[in-house]
>>> print(open('protein-v3.cif').read())   # mmCIF, C-alpha atoms
data_coords
loop_
_atom_site.label_atom_id
_atom_site.label_comp_id
_atom_site.auth_asym_id
_atom_site.auth_seq_id
_atom_site.Cartn_x
_atom_site.Cartn_y
_atom_site.Cartn_z
CA MET G 1 26.38 46.40 36.95
CA VAL G 2 28.03 43.60 38.91
CA THR G 3 27.90 45.65 42.10
CA ALA G 4 24.25 46.37 41.51
CA MET G 5 23.43 42.71 41.06
CA ARG G 6 25.17 41.79 44.27
CA GLN G 7 23.20 44.46 46.08
CA VAL G 8 19.97 43.06 44.69
CA GLU G 9 20.77 39.88 46.54
CA THR G 10 22.00 41.34 49.82
CA ASP G 11 20.57 44.79 50.43
CA PRO G 12 17.42 44.35 52.55
CA ARG G 13 15.97 47.55 51.08
CA VAL G 14 15.81 46.12 47.56
CA PRO G 15 12.80 43.84 48.30
CA VAL G 16 11.06 46.92 49.73
CA VAL G 17 11.72 48.77 46.47
CA LEU G 18 10.44 45.85 44.40
CA ALA G 19 7.29 45.53 46.53
CA ALA G 20 6.59 49.24 45.98
CA LEU G 21 7.05 48.81 42.23
CA GLU G 22 4.33 46.17 42.22
CA GLU G 23 1.94 49.04 42.90
CA VAL G 24 3.12 51.10 39.91
CA THR G 25 1.04 50.14 36.90
CA ASP G 26 1.45 50.48 33.16
CA PRO G 27 -0.17 53.80 32.14
CA GLU G 28 -2.02 52.16 29.27
CA ILE G 29 -2.87 48.76 30.77
CA PRO G 30 -3.50 49.46 34.47
CA ALA G 31 -4.01 45.76 35.24
CA ILE G 32 -0.31 45.02 34.98
CA SER G 33 2.53 46.44 37.09
CA VAL G 34 5.83 47.70 35.74
CA LEU G 35 7.46 44.80 37.55
CA GLU G 36 5.23 42.20 35.87
CA LEU G 37 5.81 43.91 32.54
CA GLY G 38 9.52 43.31 33.04
CA VAL G 39 10.58 46.91 32.44
CA ILE G 40 12.51 47.18 35.70
CA GLY G 41 16.22 46.42 35.30
CA ASP G 42 18.90 46.75 37.96
CA VAL G 43 18.10 48.29 41.34
CA ALA G 44 21.06 49.67 43.29
CA PHE G 45 21.97 51.94 46.17
CA GLU G 46 25.10 54.00 45.60
CA PRO G 47 26.86 56.58 47.75
CA ASP G 48 26.44 60.12 46.41
CA ALA G 49 28.92 63.01 46.56
CA ASP G 50 27.40 64.53 49.72
CA GLY G 51 27.92 61.43 51.83
CA GLY G 52 24.32 60.34 51.34
CA GLU G 53 22.91 57.62 49.14
CA ARG G 54 21.29 57.46 45.76
CA LEU G 55 18.78 54.83 44.67
CA ILE G 56 19.24 54.04 40.99
CA VAL G 57 16.59 52.07 39.11
CA GLU G 58 16.95 51.05 35.49
CA LEU G 59 13.85 51.32 33.31
CA LEU G 60 13.85 49.27 30.09
CA PRO G 61 11.44 50.54 27.40
CA THR G 62 9.27 47.92 25.73
CA PHE G 63 9.78 49.72 22.42
CA ILE G 64 12.40 52.43 21.93
CA GLY G 65 9.82 54.96 20.76
CA CYS G 66 7.25 54.15 23.46
CA PRO G 67 5.73 57.47 24.55
CA ALA G 68 4.54 55.93 27.85
CA ILE G 69 8.09 55.59 29.12
CA GLU G 70 8.24 59.16 30.49
CA VAL G 71 5.01 58.62 32.42
CA MET G 72 6.41 55.36 33.82
CA ARG G 73 9.64 57.11 34.77
CA GLU G 74 7.75 59.78 36.68
CA ARG G 75 5.49 57.28 38.43
CA VAL G 76 8.35 54.99 39.43
CA GLY G 77 10.35 57.96 40.73
CA GLU G 78 7.41 59.37 42.65
CA ARG G 79 6.58 56.05 44.30
CA LEU G 80 10.18 55.34 45.27
CA ARG G 81 10.81 58.85 46.61
CA SER G 82 7.86 58.35 48.95
CA LEU G 83 9.73 55.43 50.56
CA HIS G 84 12.51 57.76 51.81
CA LEU G 85 15.12 55.03 51.44
CA ALA G 86 17.76 57.32 49.95
CA GLU G 87 18.45 61.04 49.61
CA GLU G 88 17.99 60.85 45.88
CA VAL G 89 16.09 58.58 43.50
CA GLN G 90 17.28 58.30 39.94
CA VAL G 91 15.23 56.41 37.33
CA GLU G 92 17.34 55.81 34.24
CA VAL G 93 15.95 54.76 30.88
CA SER G 94 18.41 52.14 29.65
CA PHE G 95 19.04 49.90 26.67
CA ALA G 96 21.99 48.11 28.25
CA VAL G 97 19.77 45.05 28.56
CA PRO G 98 17.16 44.94 25.81
CA TRP G 99 13.58 44.52 26.99
CA THR G 100 12.05 41.52 25.28
CA SER G 101 8.49 40.25 25.55
CA ASP G 102 9.93 37.19 27.31
CA ARG G 103 10.52 39.45 30.33
CA ILE G 104 6.78 39.63 31.07
CA THR G 105 6.21 37.44 34.15
CA GLN G 106 3.75 34.55 34.27
CA ALA G 107 1.44 36.62 36.51
CA GLY G 108 1.79 39.47 34.03
CA ARG G 109 0.84 37.22 31.13
CA GLU G 110 -2.28 36.09 32.96
CA LYS G 111 -3.29 39.67 33.75
CA LEU G 112 -2.83 40.69 30.13
CA GLY G 113 -5.12 37.85 29.08
CA ALA G 114 -7.74 38.85 31.68
CA SER G 115 -7.64 42.41 30.27
CA GLY G 116 -8.36 41.19 26.75
CA PHE G 117 -4.80 41.15 25.41
CA ALA G 118 -3.25 37.96 24.11
CA PRO G 119 0.13 37.57 25.82
CA PRO G 120 3.11 37.46 23.45
CA VAL G 121 4.35 34.21 22.04
CA GLN G 122 7.42 33.25 24.05
CA LEU G 123 10.53 33.31 21.96
CA SER G 124 14.16 33.23 22.71
CA LEU G 125 15.33 35.99 20.47
CA THR G 126 18.77 36.29 21.90
CA ALA G 127 20.28 36.66 18.46
CA PRO G 128 17.81 38.44 16.21
CA SER G 129 18.33 37.68 12.59
CA VAL G 130 16.89 39.01 9.39
CA ASP G 131 16.70 35.60 7.74
CA PRO G 132 13.30 35.07 6.14
CA GLY G 133 12.76 31.95 8.24
CA ASP G 134 13.23 33.97 11.37
CA LEU G 135 10.61 36.50 10.32
CA LEU G 136 8.05 33.72 10.35
CA THR G 137 8.47 33.19 14.07
CA MET G 138 6.51 36.40 14.51
CA LEU G 139 3.47 34.70 13.03
CA GLU G 140 3.04 32.10 15.78
CA VAL G 141 -0.51 31.36 16.82
CA ALA G 142 -2.06 33.79 19.31
CA VAL G 143 -4.65 32.43 21.73
CA CYS G 144 -7.94 34.35 21.82
CA PRO G 145 -8.19 36.05 25.24
CA TYR G 146 -12.00 35.81 25.13
CA CYS G 147 -12.70 32.17 24.24
CA GLY G 148 -9.27 30.50 24.40
CA SER G 149 -9.40 29.31 20.81
CA ARG G 150 -6.20 28.97 18.81
CA ARG G 151 -8.18 29.44 15.60
CA THR G 152 -7.00 33.03 15.24
CA THR G 153 -5.51 35.14 12.47
CA LEU G 154 -3.14 38.08 12.55
CA ASP G 155 -4.94 41.06 10.98
CA ASN G 156 -2.14 43.56 11.39
CA PRO G 157 1.27 43.21 13.04
CA PHE G 158 0.92 46.91 13.92
CA GLY G 159 -1.69 48.15 16.36
CA PRO G 160 -2.81 51.13 18.42
CA THR G 161 0.49 51.20 20.33
CA LEU G 162 3.96 50.14 19.23
CA CYS G 163 3.87 46.98 21.38
CA ARG G 164 0.53 45.62 20.22
CA ALA G 165 -0.79 43.77 17.12
CA ILE G 166 -4.37 43.24 15.94
CA TYR G 167 -5.88 39.74 15.62
CA HIS G 168 -9.22 38.18 14.80
CA CYS G 169 -10.68 35.09 16.43
CA ASP G 170 -12.32 32.81 13.90
CA ALA G 171 -14.09 30.89 16.67
CA CYS G 172 -15.88 33.68 18.58
CA HIS G 173 -15.56 36.28 15.79
CA GLN G 174 -14.06 38.78 18.17
CA PRO G 175 -11.25 41.11 17.15
CA PHE G 176 -8.58 41.35 19.83
CA GLU G 177 -5.13 42.76 20.46
CA GLY G 178 -2.01 40.86 21.35
CA PHE G 179 1.40 41.85 22.62
CA LYS G 180 4.07 41.63 19.96
CA ALA G 181 6.85 39.16 20.45
CA VAL G 182 9.98 41.29 20.32
CA MET I 1 39.45 45.78 21.01
CA SER I 2 36.73 47.56 22.90
CA ALA I 3 36.03 51.28 22.90
CA GLY I 4 35.00 52.27 26.39
CA PRO I 5 32.87 55.18 27.50
CA ALA I 6 32.92 58.38 25.48
CA SER I 7 35.46 60.01 27.81
CA ASP I 8 38.07 57.40 26.83
CA LEU I 9 37.98 58.29 23.14
CA ASP I 10 40.53 60.61 21.58
CA SER I 11 39.13 63.64 19.76
CA THR I 12 39.60 62.21 16.25
CA THR I 13 37.70 59.05 17.14
CA ARG I 14 35.05 61.04 18.94
CA ASP I 15 34.48 63.26 15.91
CA ALA I 16 34.25 60.24 13.62
CA LEU I 17 31.78 58.53 15.97
CA ALA I 18 29.72 61.73 16.18
CA GLU I 19 29.48 61.76 12.38
CA LEU I 20 28.34 58.12 12.32
CA LEU I 21 25.70 58.70 15.00
CA LEU I 22 24.45 61.82 13.22
CA THR I 23 23.99 60.01 9.90
CA LEU I 24 22.18 57.11 11.59
CA ALA I 25 19.92 59.42 13.59
CA ASP I 26 19.15 61.75 10.68
CA ASP I 27 18.23 58.81 8.44
CA GLU I 28 15.76 57.41 10.97
CA PHE I 29 14.40 60.85 11.81
CA VAL I 30 13.80 61.99 8.23
CA ILE I 31 12.26 58.73 6.95
CA GLY I 32 10.07 58.67 10.07
CA PHE I 33 8.76 62.15 9.28
CA TRP I 34 8.28 61.50 5.56
CA ASP I 35 6.20 58.40 6.11
CA SER I 36 4.23 59.94 8.97
CA GLU I 37 2.79 62.07 6.15
CA TRP I 38 0.72 58.99 5.26
CA THR I 39 -1.09 59.00 8.59
CA GLY I 40 -4.76 59.35 7.77
CA ILE I 41 -4.39 58.92 4.01
CA ALA I 42 -2.71 55.50 3.53
CA PRO I 43 -4.45 53.26 0.96
CA ILE I 44 -6.32 51.20 3.58
CA LEU I 45 -7.09 51.64 7.27
CA GLU I 46 -4.82 48.78 8.37
CA GLU I 47 -1.96 50.40 6.49
CA ASP I 48 -2.70 53.71 8.10
CA VAL I 49 -2.06 52.06 11.47
CA ALA I 50 1.00 50.18 10.21
CA THR I 51 2.76 53.07 8.52
CA SER I 52 2.09 55.35 11.50
CA SER I 53 3.48 52.73 13.87
CA ILE I 54 6.59 52.16 11.76
CA SER I 55 7.19 55.91 11.55
CA GLN I 56 6.81 56.23 15.31
CA ASP I 57 9.39 53.46 15.74
CA GLU I 58 11.86 55.30 13.50
CA ILE I 59 11.44 58.62 15.27
CA GLY I 60 11.93 56.78 18.57
CA HIS I 61 15.16 55.25 17.24
CA ALA I 62 16.27 58.70 16.08
CA ARG I 63 15.63 60.13 19.52
CA ALA I 64 17.72 57.43 21.20
CA LEU I 65 20.53 57.96 18.67
CA TYR I 66 20.44 61.76 19.10
CA GLU I 67 20.72 61.15 22.85
CA LEU I 68 23.82 58.99 22.36
CA LEU I 69 25.25 61.80 20.24
CA ALA I 70 24.32 64.44 22.81
CA ASP I 71 26.07 62.41 25.54
CA LEU I 72 29.15 62.18 23.36
CA THR I 73 29.35 65.84 22.37
CA ASP I 74 27.83 67.35 25.52
CA ASP I 75 24.91 68.73 23.56
CA ASP I 76 21.13 68.51 23.79
CA ALA I 77 19.19 65.89 21.80
CA ASP I 78 16.24 68.20 21.08
CA ARG I 79 18.56 70.92 19.86
CA ILE I 80 20.28 68.49 17.48
CA ALA I 81 16.94 67.15 16.22
CA PHE I 82 15.09 70.44 15.78
CA GLY I 83 17.61 73.26 16.10
CA ARG I 84 19.68 72.87 12.92
CA ASP I 85 19.37 74.54 9.54
CA PRO I 86 18.33 72.14 6.75
CA GLU I 87 21.89 72.21 5.35
CA ALA I 88 23.30 70.69 8.56
CA TYR I 89 21.31 67.43 8.26
CA ARG I 90 23.24 64.37 7.09
CA HIS I 91 20.53 61.96 5.96
CA SER I 92 20.96 59.90 2.84
CA ALA I 93 19.97 61.43 -0.52
CA LEU I 94 17.31 58.67 -0.66
CA LEU I 95 15.37 60.77 1.83
CA ASN I 96 15.48 63.96 -0.18
CA HIS I 97 12.28 63.18 -2.08
CA ALA I 98 8.68 63.93 -1.18
CA ARG I 99 6.53 60.92 -0.36
CA THR I 100 4.97 61.08 -3.89
CA ASP I 101 2.55 58.14 -4.43
CA TRP I 102 2.14 54.96 -2.40
CA ALA I 103 4.26 52.82 -4.73
CA PHE I 104 7.07 55.36 -4.54
CA SER I 105 6.92 55.34 -0.74
CA VAL I 106 6.97 51.52 -0.70
CA ALA I 107 9.94 51.48 -3.09
CA ARG I 108 11.84 53.94 -0.93
CA ARG I 109 11.06 52.25 2.35
CA TYR I 110 11.92 48.81 1.00
CA LEU I 111 15.33 50.09 -0.11
CA TYR I 112 15.80 51.87 3.18
CA GLU I 113 14.74 49.01 5.47
CA THR I 114 16.86 46.42 3.70
CA ALA I 115 19.93 48.69 3.68
CA ASP I 116 19.38 49.69 7.30
CA ALA I 117 19.14 45.99 8.25
CA ILE I 118 22.59 45.36 6.77
CA ARG I 119 24.02 48.39 8.53
CA LEU I 120 22.50 47.41 11.89
CA GLU I 121 23.66 43.82 11.48
CA ALA I 122 27.23 45.16 11.32
CA LEU I 123 26.80 47.73 14.09
CA ALA I 124 25.46 45.10 16.49
CA GLY I 125 29.14 44.14 16.77
CA SER I 126 30.33 47.70 17.38
CA SER I 127 33.03 48.14 20.00
CA TYR I 128 31.21 51.26 21.22
CA ALA I 129 29.05 49.52 23.81
CA PRO I 130 26.23 52.10 24.07
CA LEU I 131 25.69 51.90 20.31
CA ALA I 132 25.87 48.09 20.17
CA ALA I 133 23.27 47.83 22.96
CA LEU I 134 20.87 50.26 21.28
CA VAL I 135 21.30 48.53 17.93
CA ALA I 136 20.49 45.14 19.49
CA LYS I 137 17.20 46.59 20.69
CA MET I 138 16.48 48.37 17.38
CA ARG I 139 16.92 45.17 15.39
CA ARG I 140 14.15 43.42 17.31
CA GLU I 141 11.77 46.15 16.18
CA GLU I 142 13.09 46.52 12.65
CA ARG I 143 12.27 42.87 11.90
CA TYR I 144 8.61 43.86 11.78
CA HIS I 145 9.35 46.65 9.34
CA LEU I 146 11.26 44.28 7.07
CA MET I 147 8.48 41.72 7.07
CA HIS I 148 5.90 44.38 6.31
CA LEU I 149 7.80 46.04 3.47
CA ASP I 150 8.73 42.71 1.97
CA ALA I 151 4.99 41.92 1.77
CA TRP I 152 4.19 45.30 0.17
CA LEU I 153 6.94 45.02 -2.41
CA ARG I 154 5.63 41.62 -3.50
CA ARG I 155 2.01 42.73 -3.39
CA LEU I 156 2.60 45.65 -5.76
CA ALA I 157 5.08 43.84 -8.02
CA GLU I 158 2.91 40.75 -8.45
CA ALA I 159 -0.24 42.80 -9.06
CA GLY I 160 1.16 43.88 -12.45
CA GLY I 161 -0.48 46.82 -14.24
CA SER I 162 -0.03 50.30 -12.88
CA ALA I 163 1.11 48.98 -9.46
CA HIS I 164 4.12 47.24 -11.02
CA GLU I 165 4.71 50.20 -13.29
CA ARG I 166 4.72 52.83 -10.55
CA LEU I 167 6.88 50.66 -8.31
CA SER I 168 9.37 50.23 -11.14
CA GLU I 169 9.43 53.96 -11.86
CA GLY I 170 10.02 54.67 -8.19
CA LEU I 171 12.87 52.18 -7.97
CA THR I 172 14.55 53.47 -11.12
CA ARG I 173 14.44 56.97 -9.73
CA LEU I 174 15.61 55.95 -6.25
CA TRP I 175 18.37 53.39 -6.84
CA PRO I 176 21.21 55.93 -7.31
CA ASP I 177 20.21 57.89 -4.21
CA ALA I 178 19.75 54.69 -2.18
CA MET I 179 23.47 54.01 -2.66
CA THR I 180 24.26 57.07 -0.54
CA ILE I 181 23.12 55.18 2.57
CA PHE I 182 26.57 53.61 2.24
CA THR I 183 28.52 56.72 1.22
CA PRO I 184 31.83 56.37 3.07
CA LEU I 185 32.08 58.62 6.12
CA ALA I 186 34.88 61.18 6.46
CA GLY I 187 36.19 59.47 9.58
CA GLU I 188 35.48 55.94 8.40
CA ARG I 189 39.07 54.67 8.54
CA VAL I 190 39.33 55.68 12.20
CA LEU I 191 35.98 54.05 13.02
CA VAL I 192 36.91 50.77 11.35
CA ALA I 193 40.31 50.71 13.05
CA ALA I 194 38.64 51.20 16.45
CA GLY I 195 36.04 48.52 15.71
CA ILE I 196 33.26 51.09 16.18
CA LEU I 197 32.17 50.46 12.60
CA PRO I 198 33.08 46.78 12.17
CA GLU I 199 33.17 46.90 8.36
CA PRO I 200 33.67 49.62 5.74
CA MET I 201 30.52 51.02 4.15
CA GLU I 202 31.57 49.80 0.73
CA GLN I 203 31.54 46.21 1.95
CA LEU I 204 28.11 46.71 3.48
CA ARG I 205 26.83 48.14 0.21
CA GLU I 206 28.01 45.05 -1.67
CA ARG I 207 26.32 42.74 0.84
CA TRP I 208 23.10 44.72 0.58
CA LEU I 209 23.05 44.56 -3.23
CA ALA I 210 23.75 40.83 -3.14
CA ARG I 211 20.74 40.38 -0.90
CA VAL I 212 18.31 42.73 -2.61
CA MET I 213 19.01 42.42 -6.34
CA PRO I 214 17.92 38.76 -6.66
CA VAL I 215 14.57 39.70 -5.08
CA MET I 216 14.12 42.51 -7.60
CA GLN I 217 15.08 40.28 -10.51
CA ARG I 218 12.63 37.60 -9.45
CA LEU I 219 9.84 40.18 -9.31
CA GLY I 220 10.77 41.74 -12.66
CA LEU I 221 11.77 45.00 -11.02
CA PRO I 222 14.64 47.29 -12.08
CA ILE I 223 18.09 46.82 -10.60
CA PRO I 224 20.85 49.44 -10.58
CA SER I 225 23.18 49.70 -13.57
CA THR I 226 26.66 48.19 -13.29
CA ALA I 227 28.14 51.68 -12.89
CA GLN I 228 25.71 52.41 -10.06
CA GLN I 229 26.45 49.09 -8.39
CA GLU I 230 30.13 49.82 -8.34
CA GLY I 231 29.66 52.70 -6.00
CA ALA I 232 30.01 56.25 -7.28
CA PRO I 233 27.53 57.53 -4.71
CA SER I 234 25.52 60.33 -6.21
CA GLU I 235 27.13 63.73 -6.06
CA GLY I 236 26.90 65.23 -2.60
CA GLY I 237 25.98 61.95 -0.89
CA ARG I 238 24.66 63.01 2.44
CA SER I 239 25.29 66.73 2.31
CA GLU I 240 23.12 68.10 -0.48
CA GLN I 241 19.58 69.05 0.42
CA THR I 242 16.58 69.53 -1.86
CA ASP I 243 13.55 71.80 -1.78
CA ASP I 244 11.46 68.76 -0.83
CA PHE I 245 13.59 68.24 2.28
CA ARG I 246 13.59 71.95 3.10
CA TRP I 247 9.80 71.83 3.03
CA LEU I 248 9.74 68.80 5.38
CA HIS I 249 12.24 70.53 7.67
CA GLY I 250 9.88 73.51 7.88
CA GLU I 251 7.09 71.13 8.89
CA PHE I 252 8.93 69.13 11.53
CA THR I 253 10.58 72.15 13.16
CA MET I 254 7.38 74.21 13.17
CA VAL I 255 6.41 73.51 16.77
CA ALA I 256 9.96 73.84 18.11
CA ARG I 257 10.38 77.16 16.29
CA SER I 258 7.10 78.53 17.59
CA GLU I 259 8.52 78.91 21.11
CA ASP I 260 12.29 78.82 21.15
CA GLY I 261 13.71 76.91 24.13
CA ALA I 262 10.30 75.98 25.51
CA SER I 263 9.97 72.79 27.49
CA TRP I 264 7.15 70.58 26.26
#
>>> encode(input="protein-v3.cif", output="structure tokens")
Amino acid sequence: MVTAMRQVETDPRVPVVLAALEEVTDPEIPAISVLELGVIGDVAFEPDADGGERLIVELLPTFIGCPAIEVMRERVGERLRSLHLAEEVQVEVSFAVPWTSDRITQAGREKLGASGFAPPVQLSLTAPSVDPGDLLTMLEVAVCPYCGSRRTTLDNPFGPTLCRAIYHCDACHQPFEGFKAV
Amino acid sequence: MSAGPASDLDSTTRDALAELLLTLADDEFVIGFWDSEWTGIAPILEEDVATSSISQDEIGHARALYELLADLTDDDADRIAFGRDPEAYRHSALLNHARTDWAFSVARRYLYETADAIRLEALAGSSYAPLAALVAKMRREERYHLMHLDAWLRRLAEAGGSAHERLSEGLTRLWPDAMTIFTPLAGERVLVAAGILPEPMEQLRERWLARVMPVMQRLGLPIPSTAQQEGAPSEGGRSEQTDDFRWLHGEFTMVARSEDGASW
């Protein structure tokens, strides 16, 4: 991990990899890239057994059971192989660093809003707890992506995909979906 | 003390860890499949979405746990999940019952989620790094399950009438089997010594009861008898299957059995 981080800073090919990943979008919300979604972990070049090099990219699932992760893995691999930066490209699904909704970038949050999804409430859930008080942090106010009102209610903390919840805006009477804080 | 990658473990520790991972995975897998039975027929539309989503979470957790196990034992996660006879599953006896009615399913899932939360709380400190990392991620998702089931338990209990009655019946029937979530594992001493399981199951069971029983008492719901509280996990614990489970096994292995070894 430490080696990989150092390479992120020094290897001139890493920015090329990251720029390419900006073009790979979420299969279900095409407005946002995998990079903006925060699902890209470490990026590293490592020597392989045949004297060549291997590009290893960590992919962090939003939710463990997310069925879109395989599609993302294929798309990331395909895009990076087309760069011909290394003999082999390996995209590894990893939980070593947990994905949290705080990983979504500012640009990503804005794009979610423009697509009709309320961005997740930003939380620092570094130490998740099951205390009842902590459960309440999930009920923070979501901002309506259509009219910007904060007069919204959570209809269902579970939605059409694992990462989304269903809300209702009491101001513009529009139902909308929001990303879960996790 | 920190247990490194799987290759650093001696065979006794590896076997004990494999047993732990199998029980965790089978629990998540089987409850996920039981409650997915509610998809399309839950009491209200919103609950249909919720229960389906929670079940999908659990099956996802099971998959990740089966993969940890497959890495450890040089096996294949799909084979472990779908390629065993019913008798080889090691889920808790709590999961040996059909879904029955909605109150029964709420009673079971409440017991399961609260017990699982205690277990995951402990395993977050596991010295086996791949497990600790996965558990940290699982807990972020499980919080939503806890919140949801807590609301359902209160909703049915406070409604009185047949809702309270059915919930109570379900709990009375399930309490003894729920204890088997904390049935001590064969290799438990080794796991505790290595810090892989930071605390013995018996201690976790006590913590769970201390957290859950006051809630039940406040809601006028049944609590386990003193004898049940003191352990004595029901006969068989995690190794005795029922016809209900054998039926579910037939359902969830149907596709895998239809084309042996096929890649989906």
>>> closest_atom_pairs(input="protein-v3.cif", of="chain G", to="chain I", cutoff="6 Å", atoms="only C-alpha atoms", output="JSON lines")
{"residue": "G:Ile64", "atom": "CA", "partner": "I:Gly60", "partner_atom": "CA", "distance": 5.5}
{"residue": "G:Gly65", "atom": "CA", "partner": "I:Gly60", "partner_atom": "CA", "distance": 3.5}
{"residue": "G:Phe95", "atom": "CA", "partner": "I:Leu134", "partner_atom": "CA", "distance": 5.7}
{"residue": "G:Ala96", "atom": "CA", "partner": "I:Ala133", "partner_atom": "CA", "distance": 5.4}
{"residue": "G:Pro98", "atom": "CA", "partner": "I:Lys137", "partner_atom": "CA", "distance": 5.4}
{"residue": "G:Phe158", "atom": "CA", "partner": "I:Ala50", "partner_atom": "CA", "distance": 4.9}
{"residue": "G:Leu162", "atom": "CA", "partner": "I:Ser53", "partner_atom": "CA", "distance": 6.0}
{"residue": "G:Val182", "atom": "CA", "partner": "I:Arg140", "partner_atom": "CA", "distance": 5.6}
>>> residues_around(input="protein-v3.cif", residues="Ala256 (chain I)", least_positions_apart="6", cutoff="9 Å", atoms="all atoms listed in the file", output="list in words")
Asp78, Phe82, Gly83 and Ala262 of chain I
>>> closest_atom_pairs(input="protein-v3.cif", of="region 157-250 of chain I", to="region 15-29 of chain I", cutoff="7 Å", atoms="all atoms listed in the file", output="Markdown table")
| residue | atom | partner | partner_atom | distance |
| --- | --- | --- | --- | --- |
| I:Gly187 | CA | I:Ala16 | CA | 4.5 |
| I:Glu188 | CA | I:Ala16 | CA | 6.9 |
| I:Val190 | CA | I:Ala16 | CA | 7.0 |
| I:Leu191 | CA | I:Ala16 | CA | 6.5 |
>>> residues_around(input="protein-v3.cif", residues="Val89 (chain G)", least_positions_apart="4", cutoff="9 Å", atoms="all atoms listed in the file", output="list in words")
Glu53, Arg54, Leu55, Ile56, Val57, Gly77, Glu78, Leu80, Arg81 and Leu85 of chain G
>>> closest_residue(input="protein-v3.cif", among="G:Gln106, G:Gln174, G:Gln90, G:Asn156", to="Asp42 (chain G)", atoms="all atoms listed in the file")
G:Gln90
>>> atom_distance(input="protein-v3.cif", atom1="CA of Thr73 (chain I)", atom2="CA of Ser258 (chain I)")
26.1 Å
>>> residues_around(input="protein-v3.cif", residues="Leu95 (chain I)", least_positions_apart="4", cutoff="8 Å", atoms="all atoms listed in the file", output="PyMOL selection string")
chain I and resi 27+30-31+91+245
>>> resolve_selection(input="protein-v3.cif", expression="the PyMOL selection byres ((chain G and resi 24) around 9)", output="list in words")
Ala20, Leu21, Glu22, Glu23, Thr25, Asp26, Pro27, Pro30, Ile32, Ser33, Val34, Leu35, Met72, Arg75, Val76 and Arg79 of chain G
>>> resolve_selection(input="protein-v3.cif", expression="the PyMOL selection byres ((chain I and resi 239) around 10)", output="compact mmCIF listing (two decimals) with C-alpha atoms, in the coordinates of the input")
# COMPACT_ATOMS: atom_id res chain seq x y z
CA PRO I 86 18.33 72.14 6.75
CA GLU I 87 21.89 72.21 5.35
CA ALA I 88 23.30 70.69 8.56
CA TYR I 89 21.31 67.43 8.26
CA ARG I 90 23.24 64.37 7.09
CA HIS I 91 20.53 61.96 5.96
CA SER I 92 20.96 59.90 2.84
CA ALA I 93 19.97 61.43 -0.52
CA GLU I 235 27.13 63.73 -6.06
CA GLY I 236 26.90 65.23 -2.60
CA GLY I 237 25.98 61.95 -0.89
CA ARG I 238 24.66 63.01 2.44
CA GLU I 240 23.12 68.10 -0.48
CA GLN I 241 19.58 69.05 0.42
>>> atom_distance(input="protein-v3.cif", atom1="CA of Leu37 (chain G)", atom2="CA of Glu74 (chain G)")
16.5 Å
>>> residues_around(input="protein-v3.cif", residues="Thr62 (chain G)", least_positions_apart="4", cutoff="8 Å", atoms="all atoms listed in the file", output="PyMOL selection string")
chain G and resi 39+66+99-101+163
>>> residues_around(input="protein-v3.cif", residues="Ser105 (chain I)", least_positions_apart="6", cutoff="12 Å", atoms="only C-alpha atoms", output="ChimeraX atom specification")
/I:31-32,34-38,42-43,51,94-95,97-99,111-113,149,152-153,156,166-171,173-174
>>> resolve_selection(input="protein-v3.cif", expression="the PyMOL selection byres ((chain G and resi 94) around 7)", output="list in words")
Glu58, Leu59, Leu60, Glu92, Val93, Phe95 and Ala96 of chain G
>>> closest_residue(input="protein-v3.cif", among="I:Gly250, I:Pro176, I:Gly125, I:Gly40", to="Gly195 (chain I)", atoms="only C-alpha atoms")
I:Gly125
>>> atom_distance(input="protein-v3.cif", atom1="CA of Val141 (chain G)", atom2="CA of Pro61 (chain G)")
25.0 Å
>>> build_atoms(input="protein-v3.cif", residues="region 154-162 of chain G", atoms="N, CA and C atoms", output="compact mmCIF listing (two decimals), in the frame of the given file")
# COMPACT_ATOMS: atom_id res chain seq x y z
N LEU G 154 -3.77 36.77 12.35
CA LEU G 154 -3.14 38.08 12.55
C LEU G 154 -3.70 39.03 11.50
N ASP G 155 -4.40 40.07 11.92
CA ASP G 155 -4.94 41.06 10.98
C ASP G 155 -3.86 42.07 10.61
N ASN G 156 -3.12 42.50 11.62
CA ASN G 156 -2.14 43.56 11.39
C ASN G 156 -1.06 43.45 12.46
N PRO G 157 0.20 43.28 12.03
CA PRO G 157 1.27 43.21 13.04
C PRO G 157 1.49 44.55 13.74
N PHE G 158 0.80 45.59 13.29
CA PHE G 158 0.92 46.91 13.92
C PHE G 158 -0.44 47.28 14.49
N GLY G 159 -0.43 47.84 15.70
CA GLY G 159 -1.69 48.15 16.36
C GLY G 159 -1.72 49.55 16.91
N PRO G 160 -2.62 49.78 17.88
CA PRO G 160 -2.81 51.13 18.42
C PRO G 160 -1.61 51.65 19.23
N THR G 161 -0.78 50.75 19.73
CA THR G 161 0.49 51.20 20.33
C THR G 161 1.60 50.36 19.71
N LEU G 162 2.83 50.82 19.88
CA LEU G 162 3.96 50.14 19.23
C LEU G 162 4.07 48.67 19.63
